[in-house]
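Just upload34.cif here, mmCIF, C-alpha atoms:
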```cif
data_model
loop_
_atom_site.label_atom_id
_atom_site.label_comp_id
_atom_site.auth_asym_id
_atom_site.auth_seq_id
_atom_site.Cartn_x
_atom_site.Cartn_y
_atom_site.Cartn_z
CA MET P 988 0.00 0.00 0.00
CA SER P 989 1.22 3.44 -0.84
CA VAL P 990 -0.16 6.86 0.07
CA ARG P 991 1.26 10.09 -1.34
CA VAL P 992 -0.04 13.40 0.03
CA LEU P 993 1.38 16.78 -0.94
CA VAL P 994 0.33 20.39 -0.35
CA GLN P 995 2.30 22.66 -2.64
CA GLN P 996 2.33 25.85 -4.69
CA ALA P 997 3.87 24.27 -7.78
CA ALA P 998 1.82 22.68 -10.53
CA PHE P 999 1.71 18.88 -10.53
CA ASP P 1000 2.57 16.55 -13.40
CA THR P 1001 -0.53 14.44 -14.00
CA GLY P 1002 1.30 12.00 -16.27
CA ALA P 1003 4.09 11.40 -13.77
CA GLU P 1004 1.63 10.94 -10.90
CA THR P 1005 -0.47 8.49 -12.92
CA ALA P 1006 2.64 6.53 -13.93
CA ARG P 1007 3.78 6.40 -10.29
CA LEU P 1008 0.42 5.01 -9.17
CA SER P 1009 0.34 2.49 -12.01
CA SER P 1010 3.78 1.16 -11.09
CA LEU P 1011 2.87 0.33 -7.48
CA SER P 1012 1.57 -3.18 -8.10
CA ASP P 1013 0.98 -5.81 -10.77
CA HIS P 1014 -2.46 -6.31 -9.21
CA ILE P 1015 -3.81 -2.91 -10.25
CA GLY P 1016 -6.76 -3.39 -12.58
CA GLY P 1017 -8.19 0.11 -12.46
CA MET P 1018 -7.30 3.66 -11.58
CA GLY P 1019 -9.48 6.64 -10.78
CA LEU P 1020 -8.33 10.20 -11.38
CA PHE P 1021 -9.88 13.56 -10.55
CA ILE P 1022 -8.30 16.88 -11.45
CA GLY P 1023 -10.00 19.99 -10.12
CA GLN P 1024 -9.28 23.37 -11.68
CA VAL P 1025 -10.19 27.01 -11.11
CA ARG P 1026 -13.59 27.53 -12.70
CA GLY P 1027 -14.14 30.92 -14.33
CA GLY P 1028 -17.25 32.99 -14.83
CA ASP P 1029 -18.74 36.26 -13.59
CA GLY P 1030 -15.42 38.02 -14.12
CA LEU P 1031 -13.41 35.73 -11.83
CA LEU P 1032 -9.68 36.22 -12.37
CA SER P 1033 -8.12 34.02 -9.71
CA LEU P 1034 -8.56 32.01 -6.57
CA THR P 1035 -6.15 32.24 -3.65
CA LEU P 1036 -5.96 29.17 -1.44
CA GLU P 1037 -4.58 29.27 2.08
CA HIS P 1038 -4.17 26.38 4.47
CA TYR P 1039 -3.10 25.45 7.97
CA PRO P 1040 0.37 23.86 7.46
CA GLY P 1041 0.87 20.59 9.28
CA MET P 1042 -2.81 20.17 10.08
CA THR P 1043 -3.78 20.13 6.40
CA GLU P 1044 -1.32 17.36 5.54
CA THR P 1045 -2.37 15.36 8.59
CA ILE P 1046 -6.05 15.52 7.65
CA LEU P 1047 -5.36 14.68 4.00
CA ASN P 1048 -3.27 11.69 5.12
CA GLN P 1049 -6.10 10.53 7.40
CA LEU P 1050 -8.59 10.80 4.53
CA ALA P 1051 -6.24 8.93 2.20
CA GLN P 1052 -5.73 6.16 4.78
CA GLU P 1053 -9.51 5.89 5.23
CA GLY P 1054 -9.89 5.60 1.46
CA MET P 1055 -7.18 2.93 1.32
CA GLN P 1056 -8.96 0.85 3.95
CA ARG P 1057 -12.55 1.44 2.90
CA PHE P 1058 -11.97 0.62 -0.78
CA SER P 1059 -9.04 -1.85 -0.49
CA LEU P 1060 -6.82 0.44 -2.54
CA LEU P 1061 -3.34 -0.48 -3.69
CA GLY P 1062 -2.31 3.17 -3.91
CA CYS P 1063 -3.59 6.69 -3.41
CA THR P 1064 -2.31 10.15 -4.32
CA VAL P 1065 -3.71 13.48 -3.12
CA ILE P 1066 -2.00 16.68 -4.22
CA HIS P 1067 -3.56 20.04 -3.35
CA ARG P 1068 -2.16 23.36 -4.45
CA VAL P 1069 -2.13 26.57 -2.44
CA GLY P 1070 -1.36 30.16 -3.35
CA ARG P 1071 -2.83 32.30 -6.12
CA LEU P 1072 -4.18 30.30 -9.06
CA LYS P 1073 -5.66 31.76 -12.26
CA VAL P 1074 -8.81 30.54 -14.01
CA GLY P 1075 -8.10 27.22 -15.73
CA GLU P 1076 -5.16 26.25 -13.52
CA PRO P 1077 -5.27 22.88 -11.73
CA ILE P 1078 -5.96 22.97 -7.98
CA VAL P 1079 -6.21 19.35 -6.86
CA LEU P 1080 -5.34 15.87 -8.04
CA VAL P 1081 -6.83 12.75 -6.51
CA GLY P 1082 -5.62 9.45 -7.92
CA THR P 1083 -6.49 5.97 -6.74
CA ALA P 1084 -5.37 2.49 -7.79
CA ALA P 1085 -7.23 -0.73 -7.01
CA ALA P 1086 -7.63 -4.28 -8.25
CA HIS P 1087 -10.96 -3.30 -9.83
CA ARG P 1088 -12.26 -0.12 -11.47
CA GLY P 1089 -15.32 0.21 -9.21
CA ALA P 1090 -13.23 0.52 -6.07
CA ALA P 1091 -10.86 3.02 -7.71
CA LEU P 1092 -13.69 5.20 -9.02
CA SER P 1093 -15.66 5.09 -5.76
CA ALA P 1094 -12.54 5.91 -3.74
CA THR P 1095 -11.79 8.88 -5.98
CA SER P 1096 -15.31 10.25 -5.46
CA PHE P 1097 -15.10 9.60 -1.72
CA LEU P 1098 -11.77 11.41 -1.39
CA ILE P 1099 -12.71 14.51 -3.36
CA ASP P 1100 -16.08 14.78 -1.58
CA ARG P 1101 -14.45 14.44 1.84
CA LEU P 1102 -11.51 16.76 1.23
CA LYS P 1103 -13.81 19.52 -0.07
CA THR P 1104 -15.36 19.78 3.39
CA GLY P 1105 -12.86 18.15 5.76
CA ALA P 1106 -9.51 19.71 4.90
CA PRO P 1107 -8.58 23.14 6.29
CA PHE P 1108 -8.36 25.22 3.11
CA TRP P 1109 -9.65 28.76 2.70
CA LYS P 1110 -10.43 30.24 -0.71
CA LYS P 1111 -10.57 33.88 -1.74
CA GLU P 1112 -11.96 34.84 -5.14
CA GLU P 1113 -10.60 37.87 -7.00
CA PHE P 1114 -12.67 39.50 -9.77
CA ALA P 1115 -11.90 41.76 -12.73
CA ASN P 1116 -13.88 44.62 -11.13
CA GLY P 1117 -11.46 44.65 -8.16
CA HIS P 1118 -13.85 42.87 -5.77
CA ALA P 1119 -12.41 40.06 -3.62
CA ALA P 1120 -14.31 37.77 -1.26
CA TRP P 1121 -13.70 34.67 0.83
CA VAL P 1122 -15.71 31.66 -0.37
CA ASP P 1123 -18.31 30.24 2.01
CA ALA P 1124 -18.81 26.50 2.41
CA ARG P 1125 -21.36 25.16 -0.05
CA GLU P 1126 -24.33 23.13 1.16
CA GLU P 1127 -24.05 20.74 -1.80
CA ASP P 1128 -20.44 19.93 -0.84
CA GLU P 1129 -21.52 19.19 2.74
CA HIS P 1130 -24.31 16.94 1.45
CA ALA P 1131 -21.95 15.06 -0.91
CA ALA P 1132 -19.48 14.40 1.93
CA ALA P 1133 -22.26 13.29 4.28
CA THR P 1134 -23.53 10.64 1.85
CA TRP P 1135 -20.40 8.58 2.52
CA GLY P 1136 -21.21 8.18 6.24
CA GLN P 1137 -18.52 7.41 8.76
CA MET P 1138 -15.94 4.66 8.49
CA PRO P 1139 -17.01 1.74 10.70
CA PRO P 1140 -14.63 1.01 13.59
CA SER P 1141 -12.11 -1.73 12.85
CA SER P 1142 -12.82 -5.10 14.41
CA SER P 1143 -9.19 -5.86 15.23
#
```

Would you mind giving the structure from this file in structure tokens?
Amino acid sequence: MSVRVLVQQAAFDTGAETARLSSLSDHIGGMGLFIGQVRGGDGLLSLTLEHYPGMTETILNQLAQEGMQRFSLLGCTVIHRVGRLKVGEPIVLVGTAAAHRGAALSATSFLIDRLKTGAPFWKKEEFANGHAAWVDAREEDEHAAATWGQMPPSSS
């Protein structure tokens, strides 16, 4: 099992991250990949992401470990960018590898839903008209995360 979690300003290399996941095991039969990017509209120029160093990585690692266990993953990568990002730039990469595609795809959905609400990131939007505002939590993100329920306690 392999978990890779990074919080960074630099762009990530999707091809390299996918190749790394694919090389983890001969038993990988499917991989799931989600790449989130800054969505434009209404004059949005950029999004600035701040985080709580140390805590953010810890929470992302906990989420990744939960995904590994819940979906019997063979590998998991979560990379989240911080700093000022322009419209169209990638923000987050979630990659999962499993013996079967269903587990990989479900784990990818689980991880992105959970990190949207569970990781300590703050987002500020900057617009062409000079207006800037912090982004409030979205009810639909909370609902998506809640649909996964809690991980049952281990029976060990």

Item to check | Output of the PyMOL selection byres ((chain P and resi 1118-1125) around 10), listed as a PyMOL selection string | outcome: chain P and resi 1030-1036+1103-1104+1109-1117+1126-1130

Expected file: the selected residues, C-alpha atoms, as a compact mmCIF listing (two decimals), in the frame of the given file:
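Contents of result02.txt, as written:
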```
# COMPACT_ATOMS: atom_id res chain seq x y z
CA GLY P 1030 -15.42 38.02 -14.12
CA LEU P 1031 -13.41 35.73 -11.83
CA LEU P 1032 -9.68 36.22 -12.37
CA SER P 1033 -8.12 34.02 -9.71
CA LEU P 1034 -8.56 32.01 -6.57
CA THR P 1035 -6.15 32.24 -3.65
CA LEU P 1036 -5.96 29.17 -1.44
CA LYS P 1103 -13.81 19.52 -0.07
CA THR P 1104 -15.36 19.78 3.39
CA TRP P 1109 -9.65 28.76 2.70
CA LYS P 1110 -10.43 30.24 -0.71
CA LYS P 1111 -10.57 33.88 -1.74
CA GLU P 1112 -11.96 34.84 -5.14
CA GLU P 1113 -10.60 37.87 -7.00
CA PHE P 1114 -12.67 39.50 -9.77
CA ALA P 1115 -11.90 41.76 -12.73
CA ASN P 1116 -13.88 44.62 -11.13
CA GLY P 1117 -11.46 44.65 -8.16
CA GLU P 1126 -24.33 23.13 1.16
CA GLU P 1127 -24.05 20.74 -1.80
CA ASP P 1128 -20.44 19.93 -0.84
CA GLU P 1129 -21.52 19.19 2.74
CA HIS P 1130 -24.31 16.94 1.45
```

Next on the checklist: Selection in question (the file shown): the PyMOL selection byres ((chain P and resi 992-998) around 8). Which residues does it include, as JSON, numbers by chain?
Outcome noted: {"P": [990, 991, 999, 1000, 1043, 1044, 1047, 1048, 1051, 1064, 1065, 1066, 1067, 1068, 1069, 1070, 1077]}

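Of the residues under consideration (P:Leu1080, P:Ile1015, P:Ala1132, P:Ala1094), P:Ala1094 shows the shortest atom-to-atom contact distance to Gln1052 (chain P) when counting all atoms listed in the file.
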
Next on the checklist: Applying the PyMOL selection byres ((chain P and resi 1061) around 6) to the file I just gave you, which residues come out? Please list them as a list of chain:residue names.
Outcome noted: P:Met988, P:Leu1060, P:Gly1062, P:Ala1084, P:Ala1085

Could you please take those selected residues and save C-alpha atoms as an mmCIF file, in the coordinates of the input?
```
data_model
loop_
_atom_site.group_PDB
_atom_site.id
_atom_site.type_symbol
_atom_site.label_atom_id
_atom_site.label_comp_id
_atom_site.auth_asym_id
_atom_site.auth_seq_id
_atom_site.Cartn_x
_atom_site.Cartn_y
_atom_site.Cartn_z
ATOM 1 C CA MET P 988 0.000 0.000 0.000
ATOM 2 C CA LEU P 1060 -6.820 0.440 -2.540
ATOM 3 C CA GLY P 1062 -2.310 3.170 -3.910
ATOM 4 C CA ALA P 1084 -5.370 2.490 -7.790
ATOM 5 C CA ALA P 1085 -7.230 -0.730 -7.010
#
```

Next on the checklist: So, with only C-alpha atoms as the atoms that count, which of P:Ala1003, P:Gly1075, P:Gly1027, P:Phe1021 lies closest to Asp1100 (chain P)?
Outcome noted: P:Phe1021

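The residue that comes closest to Ile1022 (chain P), out of P:Ala1090, P:Thr1001, P:Gln1056, P:Gly1105 and on the basis of all atoms listed in the file, is P:Thr1001.
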
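Note that the spacing between CA of Ser1093 (chain P) and CA of Gly1002 (chain P) amounts to 21.1 Å.
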
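Residue nearest Cys1063 (chain P) within the list P:Thr1045, P:Ala1131, P:Glu1004, P:Gln1024: P:Glu1004 [criterion: smallest interatomic distance, only C-alpha atoms].
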
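Here CA of Arg1101 (chain P) stands at a distance of 24.6 Å from CA of Ala1006 (chain P).
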
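Coordinates place CA of Val1074 (chain P) at a distance of 27.6 Å from CA of Leu1008 (chain P).
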
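Using all atoms listed in the file, the smallest distance between any of P:Val1025, P:Met1042, P:Thr1134, P:Gly1016 and Lys1073 (chain P) comes from P:Val1025.
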
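With all atoms listed in the file as the atoms that count, the minimum distance from Glu1037 (chain P) to the choices P:Leu1020, P:Ala1106, P:Ala1091, P:Ala1086 is reached by P:Ala1106.
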